[in-house]
$ cat input03.cif   # mmCIF, C-alpha atoms
data_model
#
loop_
_atom_site.label_atom_id
_atom_site.label_comp_id
_atom_site.auth_asym_id
_atom_site.auth_seq_id
_atom_site.Cartn_x
_atom_site.Cartn_y
_atom_site.Cartn_z
CA MET W 1 16.64 -19.18 31.65
CA THR W 2 17.13 -22.73 32.93
CA GLU W 3 14.77 -25.59 32.07
CA ALA W 4 13.43 -25.52 35.63
CA GLY W 5 12.76 -21.80 35.34
CA LYS W 6 10.93 -22.23 32.04
CA LEU W 7 8.82 -25.00 33.60
CA LYS W 8 7.84 -22.73 36.50
CA TRP W 9 6.78 -19.98 34.09
CA PHE W 10 4.76 -22.52 32.08
CA TYR W 11 2.86 -23.69 35.15
CA ALA W 12 2.37 -20.12 36.40
CA ILE W 13 0.94 -18.90 33.10
CA GLY W 14 -1.22 -22.04 32.81
CA ALA W 15 -2.61 -21.53 36.31
CA VAL W 16 -3.41 -17.88 35.60
CA PHE W 17 -5.21 -18.79 32.39
CA ILE W 18 -7.26 -21.51 34.14
CA ILE W 19 -8.31 -19.04 36.84
CA LEU W 20 -9.23 -16.37 34.29
CA GLY W 21 -11.03 -18.93 32.08
CA THR W 22 -13.06 -20.16 35.06
CA TYR W 23 -13.93 -16.57 35.94
CA GLY W 24 -14.98 -15.92 32.32
CA ILE W 25 -17.29 -18.94 32.32
CA TYR W 26 -18.78 -17.89 35.67
CA THR W 27 -19.46 -14.33 34.47
CA GLU W 28 -20.34 -15.46 30.91
CA ASP W 29 -17.63 -13.16 29.55
CA PHE W 30 -16.14 -15.47 26.95
CA SER W 31 -13.91 -12.79 25.43
CA ILE W 32 -11.33 -13.69 28.04
CA HIS W 33 -10.71 -16.95 26.16
CA LEU W 34 -9.01 -14.87 23.46
CA LEU W 35 -6.16 -14.28 25.90
CA PRO W 36 -3.98 -17.13 24.52
CA LEU W 37 -4.18 -15.60 21.05
CA VAL W 38 -3.20 -12.23 22.47
CA LEU W 39 -0.25 -13.76 24.31
CA ILE W 40 0.86 -15.60 21.17
CA PHE W 41 0.69 -12.33 19.20
CA VAL W 42 2.72 -10.51 21.87
CA TYR W 43 5.32 -13.30 21.82
CA LEU W 44 5.59 -13.16 18.02
CA VAL W 45 6.03 -9.37 17.98
CA LEU W 46 8.71 -9.54 20.68
CA PHE W 47 10.63 -12.53 19.34
CA LYS W 48 9.51 -13.19 15.71
CA LEU W 49 8.95 -9.67 14.42
CA ASP W 50 9.97 -10.45 10.82
CA ALA W 51 7.24 -13.09 10.50
CA VAL W 52 4.64 -10.72 11.98
CA LEU W 53 5.52 -7.93 9.53
CA LEU W 54 5.35 -10.30 6.57
CA ALA W 55 1.96 -11.61 7.74
CA LEU W 56 0.71 -8.03 8.19
CA ASN W 57 1.83 -7.20 4.67
CA PHE W 58 -0.17 -10.18 3.35
CA LEU W 59 -3.30 -8.97 5.17
CA ILE W 60 -3.29 -5.39 3.89
CA PRO W 61 -4.97 -5.98 0.47
CA LEU W 62 -7.53 -8.20 2.24
CA SER W 63 -8.41 -5.60 4.86
CA ILE W 64 -11.83 -3.96 4.83
CA GLN W 65 -12.42 -0.23 5.30
CA PHE W 66 -15.16 0.97 7.66
CA ASP W 67 -15.91 4.64 7.07
CA ASP W 68 -17.66 5.50 10.34
CA ILE W 69 -17.13 3.71 13.64
CA GLY W 70 -18.28 6.71 15.62
CA LEU W 71 -17.19 10.33 16.13
CA GLY W 72 -16.64 10.60 12.38
CA LEU W 73 -13.70 8.18 12.51
CA GLY W 74 -12.99 5.31 10.14
CA ILE W 75 -10.83 2.23 10.48
CA SER W 76 -9.45 -0.57 8.31
CA LEU W 77 -9.73 -4.10 9.73
CA PRO W 78 -7.75 -6.10 10.61
CA ASP W 79 -4.58 -4.27 9.54
CA GLU W 80 -4.84 -0.97 11.47
CA PRO W 81 -5.40 -2.47 14.96
CA LEU W 82 -2.55 -4.90 14.27
CA MET W 83 -0.26 -2.06 13.20
CA MET W 84 -1.14 -0.12 16.34
CA LEU W 85 -0.27 -3.10 18.57
CA ILE W 86 2.92 -3.85 16.63
CA MET W 87 4.01 -0.21 17.00
CA LEU W 88 3.41 -0.15 20.76
CA LEU W 89 4.97 -3.55 21.44
CA SER W 90 7.99 -3.02 19.19
CA VAL W 91 8.72 0.40 20.70
CA PHE W 92 8.52 -1.21 24.16
CA ARG W 93 10.84 -3.98 23.00
CA PHE W 94 13.50 -1.66 21.61
CA ILE W 95 13.38 0.57 24.69
CA ILE W 96 14.03 -2.50 26.87
CA ASP W 97 16.77 -4.24 24.88
CA GLY W 98 18.08 -1.31 22.80
CA ASN W 99 18.51 -3.61 19.81
CA TYR W 100 17.91 -1.07 17.07
CA ASP W 101 20.25 0.74 14.72
CA TYR W 102 19.71 4.28 15.97
CA LYS W 103 21.84 5.68 13.12
CA VAL W 104 18.60 5.49 11.13
CA PHE W 105 17.31 8.50 13.10
CA ARG W 106 20.17 10.65 11.79
CA HIS W 107 19.48 9.86 8.15
CA PRO W 108 18.18 12.85 6.10
CA VAL W 109 15.10 10.89 4.95
CA THR W 110 14.22 10.08 8.56
CA ILE W 111 14.69 13.70 9.63
CA TRP W 112 12.31 14.92 6.92
CA ILE W 113 9.81 12.22 7.90
CA PHE W 114 9.92 13.46 11.49
CA ILE W 115 9.42 17.06 10.36
CA ASN W 116 6.46 16.06 8.19
CA LEU W 117 4.94 13.98 10.99
CA LEU W 118 5.39 16.76 13.53
CA TRP W 119 3.63 19.16 11.17
CA HIS W 120 0.68 16.75 10.94
CA TYR W 121 0.27 16.90 14.71
CA VAL W 122 0.65 20.70 14.79
CA THR W 123 -1.98 21.22 12.09
CA ALA W 124 -4.30 18.73 13.83
CA ILE W 125 -4.58 21.27 16.65
CA THR W 126 -5.75 24.01 14.28
CA SER W 127 -8.05 21.69 12.31
CA GLU W 128 -11.81 22.26 12.09
CA MET W 129 -12.16 18.58 13.10
CA PRO W 130 -9.22 18.01 15.49
CA LEU W 131 -10.24 14.47 16.45
CA VAL W 132 -10.35 13.30 12.82
CA SER W 133 -7.07 15.06 12.00
CA PHE W 134 -5.40 13.62 15.11
CA LYS W 135 -6.56 10.11 14.18
CA TYR W 136 -5.07 10.61 10.70
CA ALA W 137 -1.76 11.74 12.24
CA VAL W 138 -1.71 8.75 14.60
CA SER W 139 -2.53 6.31 11.78
CA ARG W 140 0.27 7.85 9.71
CA THR W 141 2.57 7.25 12.68
CA TRP W 142 1.88 3.53 12.94
CA PHE W 143 2.25 3.13 9.16
CA LEU W 144 5.67 4.79 9.34
CA VAL W 145 6.76 2.74 12.34
CA CYS W 146 5.69 -0.58 10.78
CA PHE W 147 6.78 -0.03 7.19
CA TYR W 148 9.71 2.37 7.52
CA PHE W 149 11.44 1.97 10.87
CA LEU W 150 10.64 -1.73 11.29
CA GLY W 151 10.87 -2.24 7.52
CA ILE W 152 14.53 -1.19 7.66
CA MET W 153 15.19 -4.06 10.06
CA LEU W 154 13.08 -6.49 8.02
CA PHE W 155 14.91 -5.79 4.76
CA ARG W 156 18.36 -6.26 6.24
CA ASN W 157 17.73 -9.85 5.25
CA TYR W 158 17.55 -9.40 1.47
CA LYS W 159 15.43 -12.54 1.10
CA ASN W 160 12.64 -10.73 2.96
CA ILE W 161 12.33 -8.25 0.09
CA GLY W 162 11.15 -10.97 -2.29
CA ARG W 163 8.96 -12.53 0.39
CA PHE W 164 7.41 -9.13 1.15
CA LEU W 165 6.58 -8.44 -2.50
CA TRP W 166 5.22 -11.89 -3.27
CA LEU W 167 3.06 -12.09 -0.15
CA TYR W 168 1.47 -8.77 -1.08
CA MET W 169 0.98 -9.83 -4.70
CA LEU W 170 -0.52 -13.16 -3.59
CA SER W 171 -3.28 -11.54 -1.55
CA LEU W 172 -3.73 -8.83 -4.20
CA THR W 173 -4.21 -11.58 -6.79
CA PHE W 174 -7.09 -12.95 -4.73
CA VAL W 175 -8.65 -9.46 -4.58
CA ALA W 176 -8.22 -9.04 -8.36
CA LEU W 177 -9.82 -12.43 -9.08
CA TYR W 178 -12.71 -11.64 -6.73
CA THR W 179 -13.23 -8.23 -8.37
CA ILE W 180 -13.01 -9.60 -11.93
CA TYR W 181 -15.51 -12.35 -11.07
CA SER W 182 -17.92 -9.87 -9.42
CA HIS W 183 -17.55 -7.48 -12.35
CA GLY W 184 -18.21 -10.28 -14.82
CA GLN W 185 -21.47 -11.06 -13.05
CA VAL W 186 -22.78 -7.61 -14.08
CA GLY W 187 -21.30 -7.59 -17.58
CA PHE W 188 -18.07 -5.63 -16.99
CA THR W 189 -19.93 -2.33 -17.34
CA GLN W 190 -18.11 0.94 -16.69
CA GLU W 191 -20.81 2.17 -14.31
CA THR W 192 -20.30 -0.76 -11.95
CA SER W 193 -16.49 -0.55 -12.15
CA TYR W 194 -16.29 2.41 -9.78
CA HIS W 195 -17.09 0.42 -6.63
CA ILE W 196 -16.99 -3.22 -7.75
CA SER W 197 -13.70 -3.74 -5.86
CA MET W 198 -15.44 -3.17 -2.53
CA PRO W 199 -15.12 -4.18 0.29
CA PHE W 200 -11.36 -4.48 -0.23
CA TYR W 201 -10.87 -1.20 -2.13
CA ILE W 202 -13.42 1.58 -1.82
CA ALA W 203 -12.87 2.97 -5.34
CA HIS W 204 -11.60 1.77 -8.71
CA GLY W 205 -8.79 4.34 -8.76
CA VAL W 206 -7.10 2.96 -5.62
CA TYR W 207 -7.67 -0.63 -6.74
CA SER W 208 -6.20 -0.10 -10.22
CA ALA W 209 -3.24 1.86 -8.79
CA ALA W 210 -2.43 -1.04 -6.45
CA LEU W 211 -2.37 -3.39 -9.44
CA ALA W 212 -0.47 -1.01 -11.72
CA PHE W 213 2.37 -0.59 -9.23
CA PHE W 214 3.31 -4.24 -9.67
CA VAL W 215 3.10 -4.49 -13.46
CA PRO W 216 6.67 -3.16 -14.08
CA LEU W 217 7.97 -5.49 -11.36
CA LEU W 218 6.24 -8.52 -12.89
CA VAL W 219 7.53 -7.60 -16.35
CA THR W 220 11.03 -7.40 -14.88
CA TYR W 221 10.60 -10.79 -13.23
CA LEU W 222 9.40 -12.21 -16.55
CA VAL W 223 12.27 -10.75 -18.61
CA TYR W 224 14.97 -11.90 -16.20
CA GLY W 225 13.21 -15.23 -15.65
CA LEU W 226 13.37 -15.95 -19.38
CA LYS W 227 16.84 -14.45 -19.80
CA LEU W 228 18.36 -16.46 -16.94
CA ARG W 229 16.27 -19.54 -17.78
CA LEU W 230 14.85 -19.80 -14.29
CA ASN W 231 12.42 -22.47 -13.14
CA TRP W 232 9.60 -22.73 -15.71
CA LEU W 233 7.05 -22.89 -12.88
CA PHE W 234 8.22 -19.46 -11.64
CA VAL W 235 7.87 -18.03 -15.15
CA LEU W 236 4.34 -19.46 -15.50
CA VAL W 237 3.33 -17.99 -12.13
CA VAL W 238 4.66 -14.57 -13.15
CA ILE W 239 2.79 -14.73 -16.47
CA GLY W 240 -0.41 -15.78 -14.70
CA VAL W 241 -0.26 -13.01 -12.08
CA LEU W 242 0.66 -10.44 -14.73
CA LEU W 243 -2.33 -11.39 -16.90
CA ILE W 244 -4.66 -11.22 -13.90
CA PHE W 245 -3.37 -7.77 -12.93
CA LEU W 246 -3.60 -6.44 -16.50
CA THR W 247 -7.14 -7.78 -16.80
CA GLY W 248 -8.06 -6.10 -13.51
CA ILE W 249 -6.56 -2.79 -14.66
CA PHE W 250 -8.29 -2.98 -18.05
CA PHE W 251 -11.73 -3.53 -16.55
CA SER W 252 -11.18 -0.93 -13.82
CA TYR W 253 -11.83 1.78 -16.46
CA THR W 254 -9.17 3.92 -14.78
CA ARG W 255 -7.46 6.07 -17.39
CA ALA W 256 -4.66 7.10 -15.04
CA ALA W 257 -3.69 3.46 -14.50
CA TRP W 258 -3.74 2.77 -18.23
CA LEU W 259 -1.57 5.80 -18.97
CA SER W 260 0.80 5.06 -16.09
CA ILE W 261 1.62 1.65 -17.57
CA VAL W 262 2.32 3.26 -20.95
CA ILE W 263 4.61 5.83 -19.30
CA ALA W 264 6.37 3.08 -17.33
CA ILE W 265 7.02 1.20 -20.58
CA VAL W 266 8.37 4.41 -22.16
CA MET W 267 10.70 4.90 -19.18
CA ILE W 268 12.15 1.44 -19.78
CA VAL W 269 13.47 2.60 -23.18
CA PRO W 270 16.32 4.81 -21.87
CA LEU W 271 17.30 2.02 -19.48
CA LEU W 272 17.48 -0.56 -22.24
CA LEU W 273 19.30 1.84 -24.56
CA LYS W 274 21.56 2.93 -21.66
CA ILE W 275 20.98 6.61 -22.40
CA LYS W 276 23.02 8.79 -20.03
CA LEU W 277 21.20 10.72 -17.31
CA ARG W 278 22.29 14.13 -18.64
CA THR W 279 20.88 13.21 -22.05
CA GLN W 280 17.57 12.27 -20.43
CA PHE W 281 17.51 15.61 -18.58
CA ALA W 282 18.25 17.43 -21.84
CA ILE W 283 15.31 15.67 -23.54
CA LEU W 284 13.05 16.49 -20.57
CA ILE W 285 14.03 20.18 -20.54
CA THR W 286 13.58 20.37 -24.31
CA GLY W 287 10.09 18.91 -23.96
CA ILE W 288 9.17 21.45 -21.25
CA VAL W 289 10.47 24.34 -23.36
CA LEU W 290 8.54 23.16 -26.41
CA PHE W 291 5.36 22.88 -24.33
CA VAL W 292 5.78 26.43 -22.97
CA VAL W 293 6.48 27.85 -26.44
CA PHE W 294 3.58 26.06 -28.10
CA GLN W 295 1.20 25.90 -25.12
CA ASP W 296 -1.50 27.94 -26.87
CA GLN W 297 -1.58 25.59 -29.84
CA ILE W 298 -1.47 22.52 -27.57
CA LEU W 299 -4.31 23.78 -25.36
CA TYR W 300 -6.33 24.70 -28.43
CA ALA W 301 -5.91 21.21 -29.85
CA LEU W 302 -6.92 19.68 -26.51
CA SER W 303 -9.96 21.94 -26.25
CA LYS W 304 -11.29 20.50 -29.54
CA ASN W 305 -11.58 17.08 -27.91
CA LYS W 306 -15.23 16.73 -26.79
CA GLN W 307 -15.07 13.02 -25.98
CA ASP W 308 -16.43 12.42 -22.46
CA SER W 309 -15.81 9.36 -20.34
CA ALA W 310 -17.67 6.50 -22.04
CA GLU W 311 -17.93 2.74 -22.45
CA GLY W 312 -15.24 1.24 -24.64
CA PHE W 313 -11.46 1.35 -24.30
CA SER W 314 -10.66 3.78 -27.13
CA SER W 315 -13.42 6.28 -26.28
CA HIS W 316 -12.63 6.21 -22.57
CA LEU W 317 -8.90 6.64 -23.20
CA GLN W 318 -9.52 9.48 -25.67
CA SER W 319 -11.48 11.33 -22.99
CA ALA W 320 -8.29 11.58 -20.91
CA SER W 321 -7.21 14.62 -22.97
CA ASN W 322 -10.63 16.31 -22.82
CA ILE W 323 -10.01 19.36 -20.61
CA LYS W 324 -13.21 21.19 -21.49
CA THR W 325 -16.25 19.00 -20.92
CA ASP W 326 -15.09 15.84 -19.12
CA ALA W 327 -16.23 16.26 -15.49
CA SER W 328 -13.44 14.13 -14.02
CA ASN W 329 -10.68 16.03 -15.83
CA ILE W 330 -12.18 19.44 -15.03
CA GLU W 331 -12.41 18.48 -11.35
CA ARG W 332 -8.72 17.52 -11.31
CA ILE W 333 -7.64 20.73 -13.06
CA ASN W 334 -9.70 22.72 -10.58
CA ARG W 335 -8.01 20.85 -7.72
CA TRP W 336 -4.54 21.64 -9.10
CA MET W 337 -5.37 25.31 -9.64
CA SER W 338 -6.76 25.56 -6.12
CA ALA W 339 -3.53 24.10 -4.76
CA VAL W 340 -1.46 26.58 -6.78
CA ASN W 341 -3.59 29.49 -5.54
CA MET W 342 -3.23 28.31 -1.93
#
$ encode --input "input03.cif" --output "structure tokens"
Amino acid sequence: MTEAGKLKWFYAIGAVFIILGTYGIYTEDFSIHLLPLVLIFVYLVLFKLDAVLLALNFLIPLSIQFDDIGLGLGISLPDEPLMMLIMLLSVFRFIIDGNYDYKVFRHPVTIWIFINLLWHYVTAITSEMPLVSFKYAVSRTWFLVCFYFLGIMLFRNYKNIGRFLWLYMLSLTFVALYTIYSHGQVGFTQETSYHISMPFYIAHGVYSAALAFFVPLLVTYLVYGLKLRLNWLFVLVVIGVLLIFLTGIFFSYTRAAWLSIVIAIVMIVPLLLKIKLRTQFAILITGIVLFVVFQDQILYALSKNKQDSAEGFSSHLQSASNIKTDASNIERINRWMSAVNM
């Protein structure tokens, strides 16, 4: 487009906005003044999609879940409406210019994703609450579009991988600090830990899982930062974020998160020792066989544990192997058995 053409479009858009703004003032409908923001967002999605996806990623830990907005539906703000708009606008963009690597659609992972997504829509029809099930299927669709199909384009620039991770960890750090501070105000009690991460995370399990996912990554950053003698400021930032995340996990009183970190550390051992994959499989199969052979003795030993979930790290962790009286563990076992029976 020539400079004269761009100038004409500028004046045309400006004139339209002035007319609409005047109409909004006359009718006292001031929502129309949000139009420039909408136009800027549309422009960014169409021409600066990488920046929009990175900004969306930053907003996700800071988003707030609303359980009921009517008709039994819930929504997370502001991320879900943004994802919906990004999905619609990006699909429109790629239909118009065709600038997408359509080989992605032939990849086995993509094919299985399509099958899974199709099944969500099929089962929504037979659901007892079709509207709720359909909303879940639609929300799953915009998550897949934004973070799988558009994510493939975003991560073609390898630098965006680091940006993506650090932007998420930055906002998650704020959530962790907010939660730790709020928890400290009530004495870090276990009873208040279950929902202290609200409004950002509705339960301590989801909150601690979000933190635990990044602990192995931060440890890796720290090890390689020290090994390669990277910028000392980078190393200090990694240590600071790692300590904040570990503190958040500790005071979340989530046994699964505690155990997952231990297992992750254990899994590092074969990598450091460079144990071959077939040797790891042999150890795994041996462990399964030993469990099957001695399952009666193992279950008997577990049944003797009467420690329920309680205040204190050691007592709460010990209750993780209580499969007889701990309500949380019994509920999980019942859920697994129900799934097997189904």
$ atom_distance --input "input03.cif" --atom1 "atom CA of Val241 of chain W" --atom2 "atom CA of Thr173 of chain W"
6.8 Å
$ atom_distance --input "input03.cif" --atom1 "atom CA of Ile96 of chain W" --atom2 "atom CA of Leu35 of chain W"
23.4 Å
$ residues_around --input "input03.cif" --residues "Val238 of chain W" --least-positions-apart "2" --cutoff "9 Å" --atoms "all atoms listed in the file" --output "number ranges by chain"
W: 218-219, 221-222, 225, 233-236, 240-243
$ closest_residue --input "input03.cif" --among "W:Asp79, W:Trp166, W:Tyr207, W:Lys274" --to "His195 of chain W" --atoms "only C-alpha atoms"
W:Tyr207
$ resolve_selection --input "input03.cif" --expression "the PyMOL selection byres ((chain W and resi 181-189) around 10)" --output "list of chain:residue names"
W:Val175, W:Ala176, W:Leu177, W:Tyr178, W:Thr179, W:Ile180, W:Gln190, W:Glu191, W:Thr192, W:Ser193, W:Tyr194, W:His195, W:Ile196, W:Ser197, W:Met198, W:Gly248, W:Phe251, W:Ser252, W:Tyr253, W:Glu311, W:Gly312
$ atom_distance --input "input03.cif" --atom1 "atom CA of Leu150 of chain W" --atom2 "atom CA of Leu172 of chain W"
22.3 Å
$ closest_residue --input "input03.cif" --among "W:Lys276, W:Lys227, W:Arg106, W:Arg163" --to "Leu53 of chain W" --atoms "all atoms listed in the file"
W:Arg163
$ closest_residue --input "input03.cif" --among "W:Gln297, W:Thr220, W:Ser63, W:Thr286" --to "Leu272 of chain W" --atoms "all atoms listed in the file"
W:Thr220
$ resolve_selection --input "input03.cif" --expression "the PyMOL selection byres ((chain W and resi 75) around 10)" --output "list in words"
Ser63, Ile64, Gln65, Phe66, Asp67, Asp68, Ile69, Leu73, Gly74, Ser76, Leu77, Pro78, Asp79, Glu80, Pro81, Lys135 and Ser139 of chain W
$ residues_around --input "input03.cif" --residues "Gln280 of chain W" --least-positions-apart "4" --cutoff "12 Å" --atoms "all atoms listed in the file" --output "PyMOL selection string"
chain W and resi 267+269-271+273-276+284-287
$ resolve_selection --input "input03.cif" --expression "the PyMOL selection byres ((chain W and resi 140-146) around 12)" --output "PyMOL selection string"
chain W and resi 45+49-50+52-54+56-57+60+79-91+110+113-114+116-121+133-139+147-154
$ closest_residue --input "input03.cif" --among "W:Thr254, W:Ser171, W:Thr126, W:Gln295" --to "Ala212 of chain W" --atoms "all atoms listed in the file"
W:Thr254
$ closest_residue --input "input03.cif" --among "W:Ile202, W:Ala282, W:Ile239, W:Met169" --to "Phe214 of chain W" --atoms "all atoms listed in the file"
W:Met169
$ axis_aligned_box --input "input03.cif" --around "segment 111-123 of chain W" --padding-each-side "3 Å" --output "JSON"
{"center_x": 6.4, "center_y": 16.7, "center_z": 10.9, "size_x": 22.7, "size_y": 15.0, "size_z": 13.9}
$ decode --input "input03.cif" --residues "segment 234-249 of chain W" --atoms "N, CA, C and O atoms" --output "PDB file, in the first residue's frame"
ATOM      1  N   PHE W 234      21.564 -13.786  36.467  1.00  0.00           N
ATOM      2  CA  PHE W 234      20.663 -14.856  36.020  1.00  0.00           C
ATOM      3  C   PHE W 234      20.598 -15.966  37.062  1.00  0.00           C
ATOM      4  O   PHE W 234      19.515 -16.455  37.396  1.00  0.00           O
ATOM      5  N   VAL W 235      21.765 -16.357  37.585  1.00  0.00           N
ATOM      6  CA  VAL W 235      21.819 -17.421  38.590  1.00  0.00           C
ATOM      7  C   VAL W 235      21.060 -17.010  39.851  1.00  0.00           C
ATOM      8  O   VAL W 235      20.301 -17.806  40.431  1.00  0.00           O
ATOM      9  N   LEU W 236      21.216 -15.756  40.287  1.00  0.00           N
ATOM     10  CA  LEU W 236      20.514 -15.274  41.475  1.00  0.00           C
ATOM     11  C   LEU W 236      18.999 -15.259  41.260  1.00  0.00           C
ATOM     12  O   LEU W 236      18.233 -15.593  42.173  1.00  0.00           O
ATOM     13  N   VAL W 237      18.576 -14.864  40.069  1.00  0.00           N
ATOM     14  CA  VAL W 237      17.137 -14.863  39.757  1.00  0.00           C
ATOM     15  C   VAL W 237      16.582 -16.277  39.808  1.00  0.00           C
ATOM     16  O   VAL W 237      15.515 -16.528  40.380  1.00  0.00           O
ATOM     17  N   VAL W 238      17.322 -17.229  39.227  1.00  0.00           N
ATOM     18  CA  VAL W 238      16.884 -18.631  39.235  1.00  0.00           C
ATOM     19  C   VAL W 238      16.771 -19.140  40.670  1.00  0.00           C
ATOM     20  O   VAL W 238      15.782 -19.789  41.035  1.00  0.00           O
ATOM     21  N   ILE W 239      17.790 -18.856  41.493  1.00  0.00           N
ATOM     22  CA  ILE W 239      17.763 -19.293  42.895  1.00  0.00           C
ATOM     23  C   ILE W 239      16.566 -18.672  43.622  1.00  0.00           C
ATOM     24  O   ILE W 239      15.849 -19.352  44.375  1.00  0.00           O
ATOM     25  N   GLY W 240      16.327 -17.387  43.390  1.00  0.00           N
ATOM     26  CA  GLY W 240      15.217 -16.707  44.048  1.00  0.00           C
ATOM     27  C   GLY W 240      13.868 -17.298  43.673  1.00  0.00           C
ATOM     28  O   GLY W 240      13.036 -17.588  44.548  1.00  0.00           O
ATOM     29  N   VAL W 241      13.647 -17.503  42.371  1.00  0.00           N
ATOM     30  CA  VAL W 241      12.373 -18.073  41.909  1.00  0.00           C
ATOM     31  C   VAL W 241      12.209 -19.498  42.419  1.00  0.00           C
ATOM     32  O   VAL W 241      11.121 -19.900  42.849  1.00  0.00           O
ATOM     33  N   LEU W 242      13.306 -20.267  42.398  1.00  0.00           N
ATOM     34  CA  LEU W 242      13.253 -21.648  42.880  1.00  0.00           C
ATOM     35  C   LEU W 242      12.871 -21.704  44.352  1.00  0.00           C
ATOM     36  O   LEU W 242      12.032 -22.520  44.765  1.00  0.00           O
ATOM     37  N   LEU W 243      13.463 -20.847  45.174  1.00  0.00           N
ATOM     38  CA  LEU W 243      13.138 -20.823  46.600  1.00  0.00           C
ATOM     39  C   LEU W 243      11.683 -20.420  46.836  1.00  0.00           C
ATOM     40  O   LEU W 243      11.010 -20.977  47.719  1.00  0.00           O
ATOM     41  N   ILE W 244      11.193 -19.470  46.058  1.00  0.00           N
ATOM     42  CA  ILE W 244       9.796 -19.050  46.190  1.00  0.00           C
ATOM     43  C   ILE W 244       8.860 -20.199  45.833  1.00  0.00           C
ATOM     44  O   ILE W 244       7.884 -20.476  46.545  1.00  0.00           O
ATOM     45  N   PHE W 245       9.162 -20.903  44.748  1.00  0.00           N
ATOM     46  CA  PHE W 245       8.305 -22.022  44.317  1.00  0.00           C
ATOM     47  C   PHE W 245       8.336 -23.159  45.336  1.00  0.00           C
ATOM     48  O   PHE W 245       7.302 -23.751  45.657  1.00  0.00           O
ATOM     49  N   LEU W 246       9.537 -23.485  45.857  1.00  0.00           N
ATOM     50  CA  LEU W 246       9.634 -24.553  46.851  1.00  0.00           C
ATOM     51  C   LEU W 246       8.901 -24.188  48.138  1.00  0.00           C
ATOM     52  O   LEU W 246       8.252 -25.043  48.755  1.00  0.00           O
ATOM     53  N   THR W 247       8.978 -22.924  48.522  1.00  0.00           N
ATOM     54  CA  THR W 247       8.244 -22.462  49.701  1.00  0.00           C
ATOM     55  C   THR W 247       6.740 -22.589  49.482  1.00  0.00           C
ATOM     56  O   THR W 247       5.997 -23.047  50.367  1.00  0.00           O
ATOM     57  N   GLY W 248       6.290 -22.177  48.286  1.00  0.00           N
ATOM     58  CA  GLY W 248       4.868 -22.301  47.959  1.00  0.00           C
ATOM     59  C   GLY W 248       4.391 -23.741  47.978  1.00  0.00           C
ATOM     60  O   GLY W 248       3.312 -24.046  48.491  1.00  0.00           O
ATOM     61  N   ILE W 249       5.213 -24.644  47.434  1.00  0.00           N
ATOM     62  CA  ILE W 249       4.851 -26.067  47.422  1.00  0.00           C
ATOM     63  C   ILE W 249       4.822 -26.633  48.836  1.00  0.00           C
ATOM     64  O   ILE W 249       3.913 -27.392  49.202  1.00  0.00           O
TER      65      ILE W 249
END
